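Engineer: Compact mmCIF, C-alpha atoms, file start_35.txt:
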```txt
# COMPACT_ATOMS: atom_id res chain seq x y z
CA MET A 1 22.28 -29.89 38.97
CA LYS A 2 22.78 -29.11 35.27
CA ALA A 3 19.78 -26.73 35.28
CA LYS A 4 21.17 -24.99 38.37
CA LEU A 5 24.57 -24.44 36.65
CA ILE A 6 22.86 -23.05 33.55
CA MET A 7 20.86 -20.63 35.71
CA ILE A 8 24.00 -19.54 37.58
CA GLY A 9 25.79 -19.02 34.24
CA ALA A 10 22.88 -17.00 32.87
CA LEU A 11 22.82 -14.88 36.03
CA LEU A 12 26.56 -14.20 35.74
CA VAL A 13 26.22 -13.17 32.09
CA ALA A 14 23.25 -10.93 32.87
CA THR A 15 25.14 -9.36 35.78
CA CYS A 16 28.45 -8.86 33.94
CA ALA A 17 27.16 -7.88 30.48
CA PRO A 18 26.32 -4.25 31.37
CA ALA A 19 29.79 -3.75 32.86
CA LEU A 20 31.43 -5.23 29.77
CA ALA A 21 29.31 -3.05 27.50
CA ASP A 22 30.28 0.04 29.50
CA THR A 23 33.97 -0.86 29.25
CA THR A 24 33.71 -1.44 25.52
CA SER A 25 31.72 1.75 25.06
CA ALA A 26 34.17 3.73 27.20
CA HIS A 27 37.11 2.34 25.23
CA HIS A 28 35.41 3.12 21.91
CA ASP A 29 34.65 6.66 23.10
CA MET A 30 38.31 7.06 24.12
CA VAL A 31 39.51 5.78 20.73
CA MET A 32 37.20 8.18 18.89
CA SER A 33 38.12 11.16 21.07
CA HIS A 34 41.86 10.53 20.94
CA GLY A 35 41.69 9.66 17.24
CA ALA A 36 40.07 13.01 16.47
CA GLN A 37 42.95 14.74 18.28
CA VAL A 38 45.63 12.87 16.31
CA MET A 39 44.08 12.40 12.85
CA PRO A 40 43.45 15.65 10.94
CA PHE A 41 41.01 14.19 8.40
CA ASP A 42 37.27 13.57 8.72
CA MET A 43 37.03 10.04 10.13
CA LYS A 44 33.39 9.82 9.01
CA VAL A 45 34.49 9.64 5.36
CA ALA A 46 37.64 7.59 5.91
CA MET A 47 37.88 3.82 5.93
CA HIS A 48 40.74 2.20 7.85
CA MET A 49 41.98 -1.17 6.63
CA PHE A 50 44.48 -3.29 8.56
CA THR A 51 45.73 -6.23 6.51
CA PRO A 52 48.22 -8.78 7.84
CA ASN A 53 50.41 -10.74 5.43
CA SER A 54 53.25 -13.24 5.70
CA ALA A 55 55.92 -10.52 6.05
CA GLY A 56 53.97 -8.14 8.31
CA GLY A 57 51.07 -6.15 6.94
CA THR A 58 49.57 -2.86 5.86
CA LEU A 59 47.61 0.01 7.37
CA GLU A 60 45.60 1.81 4.70
CA ILE A 61 43.22 4.73 4.96
CA MET A 62 40.88 5.45 2.06
CA VAL A 63 38.61 8.48 1.65
CA GLN A 64 35.28 7.08 0.56
CA ASN A 65 33.87 10.26 -1.00
CA MET A 66 37.09 11.02 -2.94
CA ASP A 67 37.29 14.55 -1.47
CA PRO A 68 40.74 15.83 -2.56
CA LYS A 69 41.15 17.86 0.66
CA GLN A 70 40.48 14.79 2.82
CA ILE A 71 42.79 12.63 0.68
CA ALA A 72 45.57 15.21 1.14
CA LEU A 73 44.98 15.21 4.92
CA VAL A 74 45.10 11.40 5.06
CA ARG A 75 48.36 11.37 3.09
CA GLN A 76 49.88 14.09 5.28
CA HIS A 77 48.92 12.16 8.41
CA LEU A 78 50.21 8.80 7.18
CA ARG A 79 53.52 10.29 5.95
CA PHE A 80 54.00 11.89 9.37
CA GLU A 81 53.16 8.65 11.20
CA ALA A 82 55.38 6.54 8.92
CA ALA A 83 58.34 8.86 9.61
CA LYS A 84 57.77 8.35 13.35
CA PHE A 85 57.29 4.58 12.97
CA VAL A 86 60.66 4.30 11.16
CA LEU A 87 62.21 5.57 14.40
CA GLY A 88 60.17 3.14 16.51
CA ASP A 89 57.87 5.92 17.74
CA TYR A 90 54.33 4.51 18.00
CA SER A 91 53.16 7.10 20.53
CA ASP A 92 50.15 8.24 18.49
CA PRO A 93 48.58 4.77 18.10
CA ALA A 94 49.40 4.14 21.78
CA TYR A 95 47.61 7.36 22.70
CA ILE A 96 44.59 6.51 20.54
CA HIS A 97 44.24 2.83 21.43
CA GLY A 98 45.95 2.59 24.82
CA LYS A 99 49.56 2.01 25.84
CA THR A 100 48.96 -1.69 26.40
CA MET A 101 47.52 -2.41 22.95
CA PRO A 102 48.53 -5.87 21.69
CA GLY A 103 51.68 -6.03 19.59
CA LEU A 104 52.86 -2.54 20.43
CA SER A 105 55.84 -3.65 22.50
CA GLY A 106 57.19 -5.77 19.62
CA MET A 107 57.14 -3.01 16.99
CA GLU A 108 60.81 -2.12 17.41
CA ALA A 109 62.47 0.11 14.81
CA ASP A 110 65.38 -2.26 14.24
CA LEU A 111 63.04 -5.21 13.55
CA VAL A 112 60.28 -3.60 11.48
CA ALA A 113 60.82 -1.83 8.15
CA VAL A 114 58.20 0.84 7.43
CA ARG A 115 57.28 2.27 4.01
CA TYR A 116 54.66 4.86 3.06
CA ALA A 117 52.90 5.07 -0.34
CA ASP A 118 50.14 7.24 -1.76
CA THR A 119 47.07 5.39 -3.02
CA ALA A 120 44.32 6.63 -5.32
CA MET A 121 41.98 7.23 -2.35
CA GLY A 122 44.48 8.09 0.40
CA GLY A 123 47.63 6.33 1.56
CA LYS A 124 49.08 3.22 3.11
CA ILE A 125 51.91 2.18 5.36
CA THR A 126 53.55 -1.20 4.86
CA PHE A 127 55.27 -2.99 7.74
CA VAL A 128 57.82 -5.70 6.90
CA ALA A 129 59.87 -7.92 9.21
CA THR A 130 61.85 -11.14 8.96
CA ASP A 131 61.85 -11.94 12.68
CA PRO A 132 58.86 -14.23 13.46
CA ALA A 133 58.18 -12.46 16.78
CA ALA A 134 58.16 -9.06 15.05
CA ILE A 135 55.79 -10.37 12.36
CA GLU A 136 53.48 -11.68 15.09
CA ALA A 137 53.67 -8.29 16.85
CA ILE A 138 52.68 -6.55 13.61
CA HIS A 139 49.73 -8.95 13.21
CA GLU A 140 48.59 -8.37 16.81
CA TRP A 141 48.98 -4.61 16.46
CA LEU A 142 46.99 -4.52 13.21
CA ALA A 143 44.27 -6.74 14.71
CA ALA A 144 43.97 -4.50 17.79
CA GLN A 145 43.51 -1.44 15.60
CA SER A 146 41.09 -3.26 13.34
CA ALA A 147 38.95 -4.21 16.34
CA ASP A 148 38.95 -0.64 17.64
CA HIS A 149 38.13 0.84 14.21
CA ALA A 150 35.34 -1.67 13.56
CA ALA A 151 32.69 0.96 14.29
CA PRO A 152 30.42 1.73 11.30
CA MET A 153 32.44 4.78 10.28
CA HIS A 154 35.61 2.69 10.06
CA THR A 155 34.49 -0.50 8.34
```
Would you kindly transcribe this structure into structure tokens?
Structural biologist:
Amino acid sequence: MKAKLIMIGALLVATCAPALADTTSAHHDMVMSHGAQVMPFDMKVAMHMFTPNSAGGTLEIMVQNMDPKQIALVRQHLRFEAAKFVLGDYSDPAYIHGKTMPGLSGMEADLVAVRYADTAMGGKITFVATDPAAIEAIHEWLAAQSADHAAPMHT
């Protein structure tokens, strides 16, 4: 009986794996396509970092080749996004990653403080909250983006 269950499990995995791979591939392709429409910098030279902390977390983009033009484009993009996030407008990440991305619904303007800062290699946005549910939403949102940007060009 145990051998039969193992064989059934193996058959299910073999049957479902291609469909899961296609879904993951399709989602990744969507993220890359939509990301290229929203982000004006060359994503091949930019590294996204999503770092949770006890008060919320940070989203940082660094230009790996230190190209001043790309750094300026990253900063322009992050300033623009931070200004929208202050108002509770997360439409660009929702467009890139999907409207049902984890944490998105809890990123309310009145619960999450947003600050932008230049960095030596690009820029970063800091998200701070005191409400435990908002902090958890920030963590989920950062983790969802981190998973989507885990492709080699975004590690």
Engineer: Write out as a PDB file with C-alpha atoms, in the coordinates of the input which residues come within 12 Å of Thr51 of chain A when counting all atoms listed in the file, dropping same-chain ones fewer than 5 positions away.
Structural biologist:
```pdb
ATOM      1  CA  GLY A  56      53.970  -8.140   8.310  1.00  0.00           C
ATOM      2  CA  GLY A  57      51.070  -6.150   6.940  1.00  0.00           C
ATOM      3  CA  THR A  58      49.570  -2.860   5.860  1.00  0.00           C
ATOM      4  CA  LEU A  59      47.610   0.010   7.370  1.00  0.00           C
ATOM      5  CA  GLU A  60      45.600   1.810   4.700  1.00  0.00           C
ATOM      6  CA  ILE A  61      43.220   4.730   4.960  1.00  0.00           C
ATOM      7  CA  LYS A 124      49.080   3.220   3.110  1.00  0.00           C
ATOM      8  CA  ILE A 125      51.910   2.180   5.360  1.00  0.00           C
ATOM      9  CA  THR A 126      53.550  -1.200   4.860  1.00  0.00           C
ATOM     10  CA  PHE A 127      55.270  -2.990   7.740  1.00  0.00           C
ATOM     11  CA  ILE A 138      52.680  -6.550  13.610  1.00  0.00           C
ATOM     12  CA  HIS A 139      49.730  -8.950  13.210  1.00  0.00           C
ATOM     13  CA  GLU A 140      48.590  -8.370  16.810  1.00  0.00           C
ATOM     14  CA  TRP A 141      48.980  -4.610  16.460  1.00  0.00           C
ATOM     15  CA  LEU A 142      46.990  -4.520  13.210  1.00  0.00           C
ATOM     16  CA  ALA A 143      44.270  -6.740  14.710  1.00  0.00           C
ATOM     17  CA  ALA A 144      43.970  -4.500  17.790  1.00  0.00           C
ATOM     18  CA  GLN A 145      43.510  -1.440  15.600  1.00  0.00           C
ATOM     19  CA  SER A 146      41.090  -3.260  13.340  1.00  0.00           C
TER      20      SER A 146
END
```
Engineer: Just want the 7 Å neighbourhood of segment 106-115 of chain A, counted on all atoms listed in the file, with same-chain residues fewer than 3 positions away dropped. Output as a PyMOL selection string.
Structural biologist: chain A and resi 82+85-88+103+125-129+131+134+137-138
Engineer: Considering all atoms listed in the file, can you say which of A:Leu78, A:Met47, A:Ala133, A:Ala147 comes closest to Met62 of chain A?
Structural biologist: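 Nearest candidate to Met62 of chain A out of A:Leu78, A:Met47, A:Ala133, A:Ala147: A:Met47.
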Engineer: Hey, which of A:Tyr116, A:Ala55, A:Glu136, A:Gln64 ends up closest to Lys84 of chain A? Count all atoms listed in the file.
Structural biologist: A:Tyr116
Engineer: A:Met101, A:Ala94, A:Met121, A:Ala26: which is nearest Ala46 of chain A, counting all atoms listed in the file?
Structural biologist: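 Closest to Ala46 of chain A of all the choices is A:Met121.
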Engineer: Which residues, written as a count of residues only, have at least one atom at most 9 Å from Gln70 of chain A, with only C-alpha atoms counted and residues fewer than 2 positions away on the same chain left out?
Structural biologist: 15
Engineer: So, counting all atoms listed in the file, which residue among A:Asp148, A:Ser25, A:Lys44, A:Thr130 is closest to Gly98 of chain A?
Structural biologist: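 Once distances to Gly98 of chain A are computed over all atoms listed in the file, the minimum belongs to A:Asp148.
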Engineer: Pick from A:Ser105, A:Arg79, A:Lys69, A:Ala117: nearest to Ser91 of chain A, with all atoms listed in the file counted?
Structural biologist: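 Selected residue with least distance to Ser91 of chain A: A:Ser105.
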Engineer: Figure out the distance between atom CA of Phe50 of chain A and atom CA of Thr100 of chain A, please, to one decimal in Å.
Structural biologist: 18.5 Å
Engineer: One decimal, in Å: what's the spacing between atom CA of Met39 of chain A and atom CA of Ser54 of chain A?
Structural biologist: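 Rounded to one decimal, the two atoms are 28.2 Å apart.
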Engineer: How far is it from atom CA of Asp89 of chain A to atom CA of His77 of chain A, in Å with one decimal?
Structural biologist: 14.4 Å
Engineer: Regenerate segment 48-68 of chain A at the level of N, CA and C atoms and dump it as a PDB file, keeping the file's coordinate frame.
Structural biologist:
```
ATOM      1  N   HIS A  48      39.464   2.775   7.428  1.00  0.00           N
ATOM      2  CA  HIS A  48      40.740   2.200   7.850  1.00  0.00           C
ATOM      3  C   HIS A  48      40.743   0.716   7.474  1.00  0.00           C
ATOM      4  N   MET A  49      41.825   0.254   6.912  1.00  0.00           N
ATOM      5  CA  MET A  49      41.980  -1.170   6.630  1.00  0.00           C
ATOM      6  C   MET A  49      43.320  -1.628   7.204  1.00  0.00           C
ATOM      7  N   PHE A  50      43.295  -2.737   7.922  1.00  0.00           N
ATOM      8  CA  PHE A  50      44.480  -3.290   8.560  1.00  0.00           C
ATOM      9  C   PHE A  50      44.624  -4.726   8.050  1.00  0.00           C
ATOM     10  N   THR A  51      45.626  -4.956   7.208  1.00  0.00           N
ATOM     11  CA  THR A  51      45.730  -6.230   6.510  1.00  0.00           C
ATOM     12  C   THR A  51      47.044  -6.922   6.838  1.00  0.00           C
ATOM     13  N   PRO A  52      46.990  -8.020   7.576  1.00  0.00           N
ATOM     14  CA  PRO A  52      48.220  -8.780   7.840  1.00  0.00           C
ATOM     15  C   PRO A  52      48.618  -9.575   6.597  1.00  0.00           C
ATOM     16  N   ASN A  53      49.917  -9.843   6.468  1.00  0.00           N
ATOM     17  CA  ASN A  53      50.410 -10.740   5.430  1.00  0.00           C
ATOM     18  C   ASN A  53      51.610 -11.508   5.982  1.00  0.00           C
ATOM     19  N   SER A  54      52.204 -12.354   5.192  1.00  0.00           N
ATOM     20  CA  SER A  54      53.250 -13.240   5.700  1.00  0.00           C
ATOM     21  C   SER A  54      54.510 -12.503   6.159  1.00  0.00           C
ATOM     22  N   ALA A  55      54.731 -11.284   5.668  1.00  0.00           N
ATOM     23  CA  ALA A  55      55.920 -10.520   6.050  1.00  0.00           C
ATOM     24  C   ALA A  55      55.625  -9.417   7.058  1.00  0.00           C
ATOM     25  N   GLY A  56      54.362  -9.211   7.396  1.00  0.00           N
ATOM     26  CA  GLY A  56      53.970  -8.140   8.310  1.00  0.00           C
ATOM     27  C   GLY A  56      52.561  -7.703   8.020  1.00  0.00           C
ATOM     28  N   GLY A  57      52.414  -6.586   7.292  1.00  0.00           N
ATOM     29  CA  GLY A  57      51.070  -6.150   6.940  1.00  0.00           C
ATOM     30  C   GLY A  57      51.014  -4.701   6.518  1.00  0.00           C
ATOM     31  N   THR A  58      49.774  -4.235   6.293  1.00  0.00           N
ATOM     32  CA  THR A  58      49.570  -2.860   5.860  1.00  0.00           C
ATOM     33  C   THR A  58      48.478  -2.182   6.675  1.00  0.00           C
ATOM     34  N   LEU A  59      48.619  -0.881   6.800  1.00  0.00           N
ATOM     35  CA  LEU A  59      47.610   0.010   7.370  1.00  0.00           C
ATOM     36  C   LEU A  59      47.268   0.968   6.245  1.00  0.00           C
ATOM     37  N   GLU A  60      46.022   0.951   5.807  1.00  0.00           N
ATOM     38  CA  GLU A  60      45.600   1.810   4.700  1.00  0.00           C
ATOM     39  C   GLU A  60      44.390   2.612   5.125  1.00  0.00           C
ATOM     40  N   ILE A  61      44.379   3.876   4.721  1.00  0.00           N
ATOM     41  CA  ILE A  61      43.220   4.730   4.960  1.00  0.00           C
ATOM     42  C   ILE A  61      42.763   5.259   3.611  1.00  0.00           C
ATOM     43  N   MET A  62      41.474   5.038   3.325  1.00  0.00           N
ATOM     44  CA  MET A  62      40.880   5.450   2.060  1.00  0.00           C
ATOM     45  C   MET A  62      39.742   6.426   2.334  1.00  0.00           C
ATOM     46  N   VAL A  63      39.683   7.493   1.547  1.00  0.00           N
ATOM     47  CA  VAL A  63      38.610   8.480   1.650  1.00  0.00           C
ATOM     48  C   VAL A  63      37.490   8.023   0.724  1.00  0.00           C
ATOM     49  N   GLN A  64      36.371   7.676   1.313  1.00  0.00           N
ATOM     50  CA  GLN A  64      35.280   7.080   0.560  1.00  0.00           C
ATOM     51  C   GLN A  64      34.600   8.035  -0.415  1.00  0.00           C
ATOM     52  N   ASN A  65      34.557   9.315  -0.109  1.00  0.00           N
ATOM     53  CA  ASN A  65      33.870  10.260  -1.000  1.00  0.00           C
ATOM     54  C   ASN A  65      34.819  10.940  -1.984  1.00  0.00           C
ATOM     55  N   MET A  66      36.073  10.517  -2.004  1.00  0.00           N
ATOM     56  CA  MET A  66      37.090  11.020  -2.940  1.00  0.00           C
ATOM     57  C   MET A  66      37.333  12.534  -2.833  1.00  0.00           C
ATOM     58  N   ASP A  67      37.059  13.119  -1.698  1.00  0.00           N
ATOM     59  CA  ASP A  67      37.290  14.550  -1.470  1.00  0.00           C
ATOM     60  C   ASP A  67      38.803  14.798  -1.486  1.00  0.00           C
ATOM     61  N   PRO A  68      39.290  15.595  -2.447  1.00  0.00           N
ATOM     62  CA  PRO A  68      40.740  15.830  -2.560  1.00  0.00           C
ATOM     63  C   PRO A  68      41.367  16.409  -1.289  1.00  0.00           C
TER      64      PRO A  68
END
```
